[in-house]
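For reference, run-v5.pdb (PDB, C-alpha atoms):
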```pdb
MODEL        1
ATOM      1  CA  MET A 274     -20.711 -17.440   0.191
ATOM      2  CA  HIS A 275     -20.419 -15.362   3.345
ATOM      3  CA  LYS A 276     -18.985 -16.877   6.514
ATOM      4  CA  PRO A 277     -20.774 -16.251   9.830
ATOM      5  CA  ALA A 278     -18.040 -13.767  10.781
ATOM      6  CA  ASP A 279     -18.968 -11.718   7.726
ATOM      7  CA  GLU A 280     -22.376 -10.834   9.150
ATOM      8  CA  MET A 281     -20.878  -7.722  10.563
ATOM      9  CA  TYR A 282     -18.857  -6.699   7.520
ATOM     10  CA  GLN A 283     -20.927  -3.572   7.298
ATOM     11  CA  LEU A 284     -19.270  -2.345  10.468
ATOM     12  CA  SER A 285     -16.015  -2.041   8.565
ATOM     13  CA  ALA A 286     -17.816  -0.295   5.757
ATOM     14  CA  LEU A 287     -19.361   2.122   8.270
ATOM     15  CA  LEU A 288     -15.977   2.820   9.785
ATOM     16  CA  ASP A 289     -14.624   3.574   6.322
ATOM     17  CA  ASN A 290     -17.569   5.813   5.356
ATOM     18  CA  GLU A 291     -18.480   3.446   2.566
ATOM     19  CA  LEU A 292     -22.198   3.106   3.296
ATOM     20  CA  ASN A 293     -24.990   5.256   1.940
ATOM     21  CA  GLU A 294     -27.172   7.155   4.418
ATOM     22  CA  SER A 295     -29.871   4.527   4.849
ATOM     23  CA  GLU A 296     -27.368   1.665   5.157
ATOM     24  CA  ALA A 297     -25.366   3.643   7.700
ATOM     25  CA  ALA A 298     -28.522   4.407   9.723
ATOM     26  CA  GLU A 299     -29.405   0.715   9.722
ATOM     27  CA  VAL A 300     -25.965  -0.288  11.002
ATOM     28  CA  ARG A 301     -25.972   2.451  13.647
ATOM     29  CA  LYS A 302     -29.317   1.148  14.859
ATOM     30  CA  LYS A 303     -27.847  -2.331  15.253
ATOM     31  CA  ILE A 304     -24.886  -0.910  17.156
ATOM     32  CA  ILE A 305     -27.247   0.760  19.624
ATOM     33  CA  GLN A 306     -29.419  -2.325  20.012
ATOM     34  CA  SER A 307     -26.795  -5.048  20.224
ATOM     35  CA  GLU A 308     -23.884  -5.269  22.621
ATOM     36  CA  LYS A 309     -22.125  -7.717  20.326
ATOM     37  CA  TRP A 310     -22.224  -5.216  17.463
ATOM     38  CA  ARG A 311     -21.204  -2.385  19.784
ATOM     39  CA  ASN A 312     -18.158  -4.265  21.059
ATOM     40  CA  GLU A 313     -17.170  -5.363  17.604
ATOM     41  CA  TYR A 314     -17.419  -1.807  16.321
ATOM     42  CA  GLN A 315     -15.365  -0.453  19.207
ATOM     43  CA  ASP A 316     -12.682  -3.112  18.619
ATOM     44  CA  LEU A 317     -12.496  -2.240  14.942
ATOM     45  CA  LYS A 318     -12.285   1.441  15.769
ATOM     46  CA  ASP A 319      -9.449   0.908  18.276
ATOM     47  CA  LEU A 320      -7.540  -1.232  15.817
ATOM     48  CA  ASN A 321      -8.084   1.364  13.121
ATOM     49  CA  ASP A 322      -6.796   4.191  15.316
ATOM     50  CA  LEU A 323      -3.774   2.203  16.395
ATOM     51  CA  LEU A 324      -2.847   1.227  12.836
ATOM     52  CA  GLN A 325      -3.219   4.772  11.584
ATOM     53  CA  HIS A 326      -1.125   6.220  14.336
ATOM     54  CA  TRP A 327       1.589   3.618  13.884
ATOM     55  CA  ASP A 328       1.632   4.209  10.131
ATOM     56  CA  ARG A 329       1.920   7.974  10.620
ATOM     57  CA  LEU A 330       4.909   7.510  12.924
ATOM     58  CA  GLU A 331       6.560   5.041  10.586
ATOM     59  CA  LEU A 332       6.059   7.117   7.473
ATOM     60  CA  LYS A 333       7.071  10.418   9.055
ATOM     61  CA  ASP A 334      10.494  10.477   7.407
ATOM     62  CA  ILE A 335       9.920   8.234   4.430
ATOM     63  CA  ARG A 336      10.453   9.914   1.092
ATOM     64  CA  ALA A 337      12.501   9.201  -2.010
ATOM     65  CA  SER A 338      16.196   9.875  -1.461
ATOM     66  CA  ALA A 339      17.973  12.770  -3.166
ATOM     67  CA  THR A 340      19.587  10.490  -5.738
ATOM     68  CA  PHE A 341      16.402   8.642  -6.645
ATOM     69  CA  GLU A 342      15.877  10.377  -9.997
ATOM     70  CA  LEU A 343      19.535  10.154 -10.976
ATOM     71  CA  ARG A 344      19.687   6.440 -10.265
ATOM     72  CA  LEU A 345      16.475   5.844 -12.140
ATOM     73  CA  LEU A 346      17.793   7.779 -15.119
ATOM     74  CA  GLU A 347      20.929   5.647 -15.070
ATOM     75  CA  ARG A 348      18.885   2.446 -15.035
ATOM     76  CA  LEU A 349      16.801   3.697 -17.928
ATOM     77  CA  ARG A 350      19.919   4.649 -19.886
ATOM     78  CA  ASN A 351      21.321   1.152 -19.375
ATOM     79  CA  LEU A 352      18.060  -0.290 -20.518
ATOM     80  CA  LYS A 353      18.200   1.748 -23.718
ATOM     81  CA  LYS A 354      21.894   0.884 -24.236
ATOM     82  CA  HIS A 355      21.264  -2.837 -23.833
ATOM     83  CA  PRO A 356      17.843  -3.560 -25.263
ATOM     84  CA  LEU A 357      16.797  -7.178 -25.547
ATOM     85  CA  ILE A 358      19.054  -8.950 -28.016
ATOM     86  CA  PRO A 359      17.025 -10.114 -30.996
ATOM     87  CA  PHE A 360      16.661 -13.872 -31.225
ATOM     88  CA  THR A 361      18.380 -14.132 -34.630
ATOM     89  CA  ILE A 362      21.555 -12.511 -33.288
ATOM     90  CA  LEU A 363      21.698 -15.077 -30.514
ATOM     91  CA  ILE A 364      21.447 -17.940 -33.002
ATOM     92  CA  PHE A 365      23.729 -16.460 -35.652
ATOM     93  CA  PRO A 366      26.220 -14.195 -33.888
ATOM     94  CA  PRO A 367      28.048 -11.950 -36.411
ATOM     95  CA  THR A 368      31.401 -13.549 -35.474
ATOM     96  CA  LEU A 369      30.164 -16.937 -36.629
ATOM     97  CA  CYS A 370      28.544 -15.572 -39.770
ATOM     98  CA  ARG A 371      32.001 -14.688 -41.203
ATOM     99  CA  PHE A 372      32.617 -18.360 -41.771
TER     100      PHE A 372
ATOM    101  CA  MET B 155      14.983  29.467  -8.682
ATOM    102  CA  ALA B 156      14.362  26.877 -11.405
ATOM    103  CA  LYS B 157      11.711  27.856 -13.925
ATOM    104  CA  PRO B 158       8.721  25.486 -13.900
ATOM    105  CA  SER B 159       8.704  23.387 -17.044
ATOM    106  CA  TYR B 160       5.862  23.211 -19.541
ATOM    107  CA  PHE B 161       5.014  19.783 -18.127
ATOM    108  CA  SER B 162       4.644  20.901 -14.537
ATOM    109  CA  ASN B 163       1.150  22.255 -15.138
ATOM    110  CA  ILE B 164      -0.430  19.518 -17.154
ATOM    111  CA  PRO B 165      -2.583  16.718 -15.692
ATOM    112  CA  ASP B 166      -1.154  13.234 -15.113
ATOM    113  CA  GLU B 167      -3.097  11.533 -17.858
ATOM    114  CA  GLU B 168      -1.936  14.058 -20.466
ATOM    115  CA  LEU B 169       1.634  13.509 -19.338
ATOM    116  CA  MET B 170       1.251   9.858 -20.284
ATOM    117  CA  LEU B 171      -0.002  10.886 -23.719
ATOM    118  CA  GLU B 172       2.975  13.229 -24.138
ATOM    119  CA  LEU B 173       5.232  10.347 -23.157
ATOM    120  CA  GLN B 174       3.583   8.114 -25.722
ATOM    121  CA  GLN B 175       4.470  10.728 -28.308
ATOM    122  CA  GLY B 176       8.126  10.411 -27.401
ATOM    123  CA  ARG B 177       8.550  13.369 -25.042
ATOM    124  CA  ASP B 178      10.701  11.907 -22.295
ATOM    125  CA  GLU B 179      10.549  15.109 -20.225
ATOM    126  CA  ALA B 180       6.974  14.085 -19.454
ATOM    127  CA  PHE B 181       8.368  10.979 -17.781
ATOM    128  CA  ASN B 182      10.702  13.110 -15.647
ATOM    129  CA  GLU B 183       7.676  15.074 -14.491
ATOM    130  CA  ILE B 184       5.782  11.866 -13.615
ATOM    131  CA  VAL B 185       8.751  10.668 -11.558
ATOM    132  CA  LYS B 186       9.008  14.048  -9.852
ATOM    133  CA  ARG B 187       5.333  13.948  -8.933
ATOM    134  CA  TYR B 188       5.169  10.343  -7.781
ATOM    135  CA  LYS B 189       8.595   9.362  -6.454
ATOM    136  CA  ASP B 190       7.685  10.019  -2.805
ATOM    137  CA  TYR B 191       4.283   8.442  -3.273
ATOM    138  CA  SER B 192       5.741   5.296  -4.781
ATOM    139  CA  VAL B 193       8.481   4.878  -2.182
ATOM    140  CA  ARG B 194       5.882   5.268   0.576
ATOM    141  CA  PHE B 195       3.526   2.936  -1.214
ATOM    142  CA  CYS B 196       6.159   0.205  -1.341
ATOM    143  CA  TYR B 197       7.393   0.914   2.159
ATOM    144  CA  ARG B 198       3.942   0.165   3.504
ATOM    145  CA  PHE B 199       4.185  -3.271   1.955
ATOM    146  CA  VAL B 200       7.782  -4.242   2.607
ATOM    147  CA  ARG B 201       8.774  -1.963   5.538
ATOM    148  CA  ASP B 202      12.325  -1.686   4.242
ATOM    149  CA  PHE B 203      13.468   1.657   2.842
ATOM    150  CA  GLU B 204      16.130   0.500   0.386
ATOM    151  CA  LEU B 205      13.928  -2.234  -0.941
ATOM    152  CA  SER B 206      11.080   0.262  -1.309
ATOM    153  CA  GLU B 207      13.288   2.508  -3.436
ATOM    154  CA  ASP B 208      14.384  -0.427  -5.599
ATOM    155  CA  ILE B 209      10.840  -1.614  -6.138
ATOM    156  CA  SER B 210       9.522   1.833  -6.921
ATOM    157  CA  GLN B 211      12.318   2.395  -9.440
ATOM    158  CA  GLU B 212      11.378  -0.883 -11.062
ATOM    159  CA  GLY B 213       7.771   0.352 -11.079
ATOM    160  CA  PHE B 214       8.714   3.513 -12.971
ATOM    161  CA  ILE B 215      10.788   1.484 -15.422
ATOM    162  CA  ARG B 216       7.783  -0.733 -16.132
ATOM    163  CA  LEU B 217       5.571   2.298 -16.543
ATOM    164  CA  TYR B 218       8.056   3.634 -19.096
ATOM    165  CA  LYS B 219       8.414   0.296 -20.891
ATOM    166  CA  TYR B 220       4.690  -0.204 -21.240
ATOM    167  CA  ARG B 221       3.810   3.431 -21.907
ATOM    168  CA  TYR B 222       2.229   2.604 -25.270
ATOM    169  CA  LYS B 223      -0.281   0.305 -23.599
ATOM    170  CA  TYR B 224      -1.655   3.109 -21.448
ATOM    171  CA  GLN B 225      -5.241   4.157 -22.131
ATOM    172  CA  ILE B 226      -6.461   7.521 -20.947
ATOM    173  CA  LYS B 227      -9.572   6.054 -19.296
ATOM    174  CA  ALA B 228      -7.363   4.756 -16.461
ATOM    175  CA  LYS B 229      -5.981   7.134 -13.845
ATOM    176  CA  LEU B 230      -2.201   7.236 -13.909
ATOM    177  CA  VAL B 231      -1.964   6.856 -10.141
ATOM    178  CA  THR B 232      -4.166   3.731 -10.278
ATOM    179  CA  LEU B 233      -1.966   2.213 -12.964
ATOM    180  CA  LEU B 234       1.226   3.035 -11.072
ATOM    181  CA  SER B 235      -0.243   1.631  -7.850
ATOM    182  CA  LYS B 236      -1.239  -1.547  -9.634
ATOM    183  CA  ILE B 237       2.285  -2.004 -10.998
ATOM    184  CA  LEU B 238       3.828  -1.307  -7.584
ATOM    185  CA  MET B 239       1.383  -3.577  -5.784
ATOM    186  CA  ASN B 240       2.249  -6.482  -8.103
ATOM    187  CA  LEU B 241       5.956  -5.893  -7.619
ATOM    188  CA  CYS B 242       5.522  -5.824  -3.836
ATOM    189  CA  LEU B 243       3.514  -9.041  -3.939
ATOM    190  CA  ASP B 244       6.271 -10.645  -6.016
ATOM    191  CA  GLU B 245       8.666  -9.600  -3.293
ATOM    192  CA  PHE B 246       6.434 -11.241  -0.692
ATOM    193  CA  ARG B 247       6.377 -14.424  -2.709
ATOM    194  CA  LYS B 248      10.161 -14.380  -2.849
ATOM    195  CA  ARG B 249      10.424 -14.208   0.907
ATOM    196  CA  LYS B 250       7.511 -16.475   1.647
ATOM    197  CA  SER B 251       9.263 -17.849   4.698
ATOM    198  CA  PHE B 252       8.585 -14.539   6.446
ATOM    199  CA  SER B 253       5.043 -15.585   7.159
ATOM    200  CA  MET B 254       6.320 -18.675   8.918
ATOM    201  CA  LEU B 255       8.196 -16.605  11.471
ATOM    202  CA  GLU B 256       7.009 -16.992  15.002
ATOM    203  CA  LEU B 257       5.447 -13.931  16.460
ATOM    204  CA  ASP B 258       7.259 -12.275  19.317
ATOM    205  CA  ALA B 259       5.347 -11.374  22.397
ATOM    206  CA  ILE B 260       3.251  -8.242  22.355
ATOM    207  CA  PRO B 261       4.284  -5.605  24.881
ATOM    208  CA  GLU B 262       2.538  -6.080  28.178
ATOM    209  CA  GLY B 263      -0.916  -4.556  28.239
ATOM    210  CA  GLY B 264      -1.373  -4.681  24.468
ATOM    211  CA  MET B 265      -3.899  -2.279  23.076
ATOM    212  CA  ASP B 266      -5.309  -1.487  26.505
ATOM    213  CA  ASN B 267      -2.250   0.614  27.211
ATOM    214  CA  LEU B 268      -3.219   2.987  24.490
ATOM    215  CA  ASN B 269      -5.651   5.754  24.444
ATOM    216  CA  ALA B 270      -5.714   6.067  20.688
ATOM    217  CA  HIS B 271      -8.092   9.016  20.711
ATOM    218  CA  ASN B 272      -5.756  11.066  22.861
ATOM    219  CA  LEU B 273      -2.818   9.988  20.781
ATOM    220  CA  LEU B 274      -4.448  11.130  17.596
ATOM    221  CA  GLY B 275      -5.740  14.317  19.136
ATOM    222  CA  ASP B 276      -2.372  15.846  19.984
ATOM    223  CA  GLU B 277      -0.242  15.725  16.857
ATOM    224  CA  LYS B 278       2.196  18.482  17.804
ATOM    225  CA  SER B 279       3.484  17.093  21.056
ATOM    226  CA  PRO B 280       3.461  13.295  20.989
ATOM    227  CA  ASP B 281       4.328  11.677  24.268
ATOM    228  CA  PRO B 282       7.760  10.052  23.638
ATOM    229  CA  GLU B 283       6.914   7.160  25.938
ATOM    230  CA  GLN B 284       3.712   6.381  24.084
ATOM    231  CA  GLU B 285       5.470   6.903  20.766
ATOM    232  CA  TYR B 286       8.043   4.314  21.795
ATOM    233  CA  TYR B 287       5.278   1.995  22.908
ATOM    234  CA  ILE B 288       3.440   2.321  19.592
ATOM    235  CA  LYS B 289       6.644   1.608  17.693
ATOM    236  CA  GLU B 290       7.155  -1.526  19.759
ATOM    237  CA  LEU B 291       3.592  -2.545  19.141
ATOM    238  CA  GLY B 292       4.068  -1.691  15.478
ATOM    239  CA  THR B 293       6.732  -4.352  15.123
ATOM    240  CA  LYS B 294       4.204  -6.908  16.297
ATOM    241  CA  ILE B 295       1.534  -5.539  13.976
ATOM    242  CA  GLU B 296       3.986  -5.850  11.121
ATOM    243  CA  GLN B 297       4.693  -9.461  12.021
ATOM    244  CA  ILE B 298       0.996 -10.239  12.212
ATOM    245  CA  LEU B 299       0.380  -8.464   8.898
ATOM    246  CA  ASN B 300       2.970 -10.765   7.361
ATOM    247  CA  THR B 301       0.954 -13.781   8.432
ATOM    248  CA  LEU B 302      -2.150 -12.635   6.532
ATOM    249  CA  SER B 303      -2.721 -13.909   3.030
ATOM    250  CA  PRO B 304      -1.395 -11.589   0.285
ATOM    251  CA  ARG B 305      -4.955 -10.623  -0.634
ATOM    252  CA  TYR B 306      -5.988  -9.623   2.884
ATOM    253  CA  ARG B 307      -2.705  -7.895   3.537
ATOM    254  CA  THR B 308      -3.094  -5.931   0.319
ATOM    255  CA  VAL B 309      -6.653  -4.717   0.937
ATOM    256  CA  LEU B 310      -5.739  -3.731   4.441
ATOM    257  CA  ILE B 311      -2.677  -1.792   3.363
ATOM    258  CA  LEU B 312      -4.539  -0.045   0.560
ATOM    259  CA  ARG B 313      -7.473   0.912   2.766
ATOM    260  CA  GLN B 314      -5.928   1.382   6.159
ATOM    261  CA  PHE B 315      -2.662   3.055   5.261
ATOM    262  CA  HIS B 316      -3.231   4.573   1.842
ATOM    263  CA  GLY B 317      -6.821   5.543   2.499
ATOM    264  CA  TYR B 318      -8.077   4.334  -0.863
ATOM    265  CA  SER B 319     -11.840   4.063  -1.264
ATOM    266  CA  TYR B 320     -13.361   0.636  -1.805
ATOM    267  CA  LYS B 321     -14.014   1.557  -5.431
ATOM    268  CA  GLU B 322     -10.370   2.481  -5.998
ATOM    269  CA  ILE B 323      -9.200  -0.724  -4.297
ATOM    270  CA  ALA B 324     -11.524  -2.713  -6.540
ATOM    271  CA  ALA B 325      -9.932  -1.036  -9.566
ATOM    272  CA  ILE B 326      -6.379  -1.666  -8.367
ATOM    273  CA  MET B 327      -7.056  -5.296  -7.451
ATOM    274  CA  ASP B 328      -9.386  -6.105 -10.343
ATOM    275  CA  ALA B 329     -12.120  -7.139  -7.915
ATOM    276  CA  SER B 330     -15.767  -6.326  -7.328
ATOM    277  CA  LEU B 331     -16.882  -3.791  -4.734
ATOM    278  CA  ASN B 332     -18.579  -6.512  -2.700
ATOM    279  CA  GLU B 333     -15.473  -8.656  -2.655
ATOM    280  CA  VAL B 334     -13.442  -5.712  -1.410
ATOM    281  CA  LYS B 335     -15.989  -5.025   1.356
ATOM    282  CA  ILE B 336     -15.823  -8.605   2.599
ATOM    283  CA  TRP B 337     -12.054  -8.905   2.263
ATOM    284  CA  ILE B 338     -11.448  -5.751   4.279
ATOM    285  CA  HIS B 339     -13.662  -6.935   7.080
ATOM    286  CA  ARG B 340     -12.136 -10.414   7.120
ATOM    287  CA  ALA B 341      -8.639  -8.976   7.062
ATOM    288  CA  ARG B 342      -9.406  -6.699  10.015
ATOM    289  CA  ASN B 343     -11.001  -9.558  11.897
ATOM    290  CA  GLN B 344      -8.020 -11.814  11.353
ATOM    291  CA  LEU B 345      -5.627  -9.095  12.398
ATOM    292  CA  LYS B 346      -7.684  -8.340  15.492
ATOM    293  CA  ARG B 347      -7.995 -12.013  16.438
ATOM    294  CA  LYS B 348      -4.297 -12.714  16.034
ATOM    295  CA  PHE B 349      -3.473  -9.578  17.939
ATOM    296  CA  LYS B 350      -5.742 -10.580  20.810
ATOM    297  CA  ASN B 351      -4.324 -14.116  20.850
ATOM    298  CA  GLN B 352      -0.879 -12.629  21.209
ATOM    299  CA  ILE B 353      -1.988 -10.471  24.103
ATOM    300  CA  GLN B 354      -3.597 -13.429  25.823
ATOM    301  CA  ALA B 355      -0.459 -15.483  25.312
ATOM    302  CA  VAL B 356       1.644 -12.927  27.200
TER     303      VAL B 356
ENDMDL
END
```
Represent the structure from my file as structure tokens, please.
Amino acid sequence: MHKPADEMYQLSALLDNELNESEAAEVRKKIIQSEKWRNEYQDLKDLNDLLQHWDRLELKDIRASATFELRLLERLRNLKKHPLIPFTILIFPPTLCRF
Amino acid sequence: MAKPSYFSNIPDEELMLELQQGRDEAFNEIVKRYKDYSVRFCYRFVRDFELSEDISQEGFIRLYKYRYKYQIKAKLVTLLSKILMNLCLDEFRKRKSFSMLELDAIPEGGMDNLNAHNLLGDEKSPDPEQEYYIKELGTKIEQILNTLSPRYRTVLILRQFHGYSYKEIAAIMDASLNEVKIWIHRARNQLKRKFKNQIQAV
């Protein structure tokens, strides 16, 4: 069930270009007619712009380090070297089987 | 200059099929293509570079381990994102106490100090003062993001920062399109409300 605050969920969808033409026209009409919708839309837009700009600044220098592939290869090699020990070996280790 | 390998020109989904047939070079190509993507993906969740690298390595290892379960109908990038998202959420669960942290004060003026349109319009010469201000504000946003539920935080990160469409988010999160629509709006509303409360508290 939708909460009262969800009435305007289409504003987010409009902001994200997720509405078809007729839905978008309907929402735009509401934005023009209602101050509440207009303010809400502007708030969402400001928040959106701020988040995007912050993310762009934060991510500017983020990329995998030069040793990423090498380290991954090493981890995979270890995984292949030490696969999961079969259950039977845990119960009857070869050292015990001699007796 | 290194010669491009046979694998460098084939689509992602075919690479997975090559990998299923035992050609490990296909895996190297997948890592080459998606290492930056996956580190960035995780960074957007955990905001810690070393942790992001660890998680994305774990993601590739899982992709390799479960390569035989892959079905060509799924996009490789969706599958990888799904794996990474689950690993990041596990990380959140581990440090659950983060969400209990008290929020620091938001810099004076809050969002009113920003002219986001101008900021976005001039990419080449960002104003260092405003850049500093956004970074400061960013710390607060990050703290507020950490107080959202994992579901809301996830939809917001996928939509807002990764730019995924609602349909893609629905596929990654195993949800319906309508659910995604509502979640995104609720998440934004919560973020906005908490942000405003912080500003008012200053």
| query | From the set B:Ser206, B:Gln344, B:Gln211, B:Ser192, which residue has the shortest atom-to-atom contact distance to Ser235 in chain B, counting all atoms listed in the file? | reply | B:Ser192
| field | Arg344 in chain A environment, 12 Å, all atoms listed in the file, sequence neighbours closer than 5 positions dropped, as a ChimeraX atom specification | value | /A:337-339,349-351 /B:185,207-208,210-212,214-215
Based on the selection just made, write C-alpha atoms of those residues as a PDB file, in the coordinates of the input.
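For reference, part-v5.pdb as written:
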```pdb
ATOM      1  CA  ALA A 337      12.501   9.201  -2.010  1.00  0.00           C
ATOM      2  CA  SER A 338      16.196   9.875  -1.461  1.00  0.00           C
ATOM      3  CA  ALA A 339      17.973  12.770  -3.166  1.00  0.00           C
ATOM      4  CA  LEU A 349      16.801   3.697 -17.928  1.00  0.00           C
ATOM      5  CA  ARG A 350      19.919   4.649 -19.886  1.00  0.00           C
ATOM      6  CA  ASN A 351      21.321   1.152 -19.375  1.00  0.00           C
TER       7      ASN A 351
ATOM      8  CA  VAL B 185       8.751  10.668 -11.558  1.00  0.00           C
ATOM      9  CA  GLU B 207      13.288   2.508  -3.436  1.00  0.00           C
ATOM     10  CA  ASP B 208      14.384  -0.427  -5.599  1.00  0.00           C
ATOM     11  CA  SER B 210       9.522   1.833  -6.921  1.00  0.00           C
ATOM     12  CA  GLN B 211      12.318   2.395  -9.440  1.00  0.00           C
ATOM     13  CA  GLU B 212      11.378  -0.883 -11.062  1.00  0.00           C
ATOM     14  CA  PHE B 214       8.714   3.513 -12.971  1.00  0.00           C
ATOM     15  CA  ILE B 215      10.788   1.484 -15.422  1.00  0.00           C
TER      16      ILE B 215
END
```
Around all the atoms of range 244-247 of chain B listed in the file, draw an axis-aligned box and extend it by 4 Å on each of the six sides; I want its centre and edge lengths in Å to one decimal, as lines of an AutoDock Vina configuration file.
```
center_x = 7.5
center_y = -12.0
center_z = -3.4
size_x = 10.4
size_y = 12.8
size_z = 13.3
```
| said: Once the PyMOL selection byres ((chain B) within 6 of (chain A)) has been evaluated on this model, what residues remain selected, and can you format them as a list in words? | reply: Lys189, Asp190, Val193, Ala270 and His339 of chain B
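You can rank B:Pro304, B:Glu167, B:Asn351, B:Ser330 by their closest distance to Lys229 in chain B using all atoms listed in the file, and at the top of that list sits B:Glu167.
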List, as a PDB file with C-alpha atoms, in the frame of the given file, every residue that the PyMOL selection byres ((chain B and resi 172) around 12) selects in the file provided.
```pdb
ATOM      1  CA  TYR B 160       5.862  23.211 -19.541  1.00  0.00           C
ATOM      2  CA  PHE B 161       5.014  19.783 -18.127  1.00  0.00           C
ATOM      3  CA  ILE B 164      -0.430  19.518 -17.154  1.00  0.00           C
ATOM      4  CA  PRO B 165      -2.583  16.718 -15.692  1.00  0.00           C
ATOM      5  CA  ASP B 166      -1.154  13.234 -15.113  1.00  0.00           C
ATOM      6  CA  GLU B 167      -3.097  11.533 -17.858  1.00  0.00           C
ATOM      7  CA  GLU B 168      -1.936  14.058 -20.466  1.00  0.00           C
ATOM      8  CA  LEU B 169       1.634  13.509 -19.338  1.00  0.00           C
ATOM      9  CA  MET B 170       1.251   9.858 -20.284  1.00  0.00           C
ATOM     10  CA  LEU B 171      -0.002  10.886 -23.719  1.00  0.00           C
ATOM     11  CA  LEU B 173       5.232  10.347 -23.157  1.00  0.00           C
ATOM     12  CA  GLN B 174       3.583   8.114 -25.722  1.00  0.00           C
ATOM     13  CA  GLN B 175       4.470  10.728 -28.308  1.00  0.00           C
ATOM     14  CA  GLY B 176       8.126  10.411 -27.401  1.00  0.00           C
ATOM     15  CA  ARG B 177       8.550  13.369 -25.042  1.00  0.00           C
ATOM     16  CA  ASP B 178      10.701  11.907 -22.295  1.00  0.00           C
ATOM     17  CA  GLU B 179      10.549  15.109 -20.225  1.00  0.00           C
ATOM     18  CA  ALA B 180       6.974  14.085 -19.454  1.00  0.00           C
ATOM     19  CA  PHE B 181       8.368  10.979 -17.781  1.00  0.00           C
ATOM     20  CA  ASN B 182      10.702  13.110 -15.647  1.00  0.00           C
ATOM     21  CA  GLU B 183       7.676  15.074 -14.491  1.00  0.00           C
ATOM     22  CA  ILE B 184       5.782  11.866 -13.615  1.00  0.00           C
ATOM     23  CA  TYR B 218       8.056   3.634 -19.096  1.00  0.00           C
ATOM     24  CA  ARG B 221       3.810   3.431 -21.907  1.00  0.00           C
ATOM     25  CA  TYR B 222       2.229   2.604 -25.270  1.00  0.00           C
ATOM     26  CA  TYR B 224      -1.655   3.109 -21.448  1.00  0.00           C
ATOM     27  CA  ILE B 226      -6.461   7.521 -20.947  1.00  0.00           C
TER      28      ILE B 226
END
```
| task | Determine the residue set returned by the PyMOL selection byres ((chain B and resi 317-319) around 12) for the present structure, and present it as a ChimeraX atom specification. | result | /A:286,288-292,321,324-325,328 /B:195,231-232,235,308-316,320-327,331,334-335,338
| note | note - CA of Ile209 in chain B and CA of Cys196 in chain B are separated by 6.9 Å
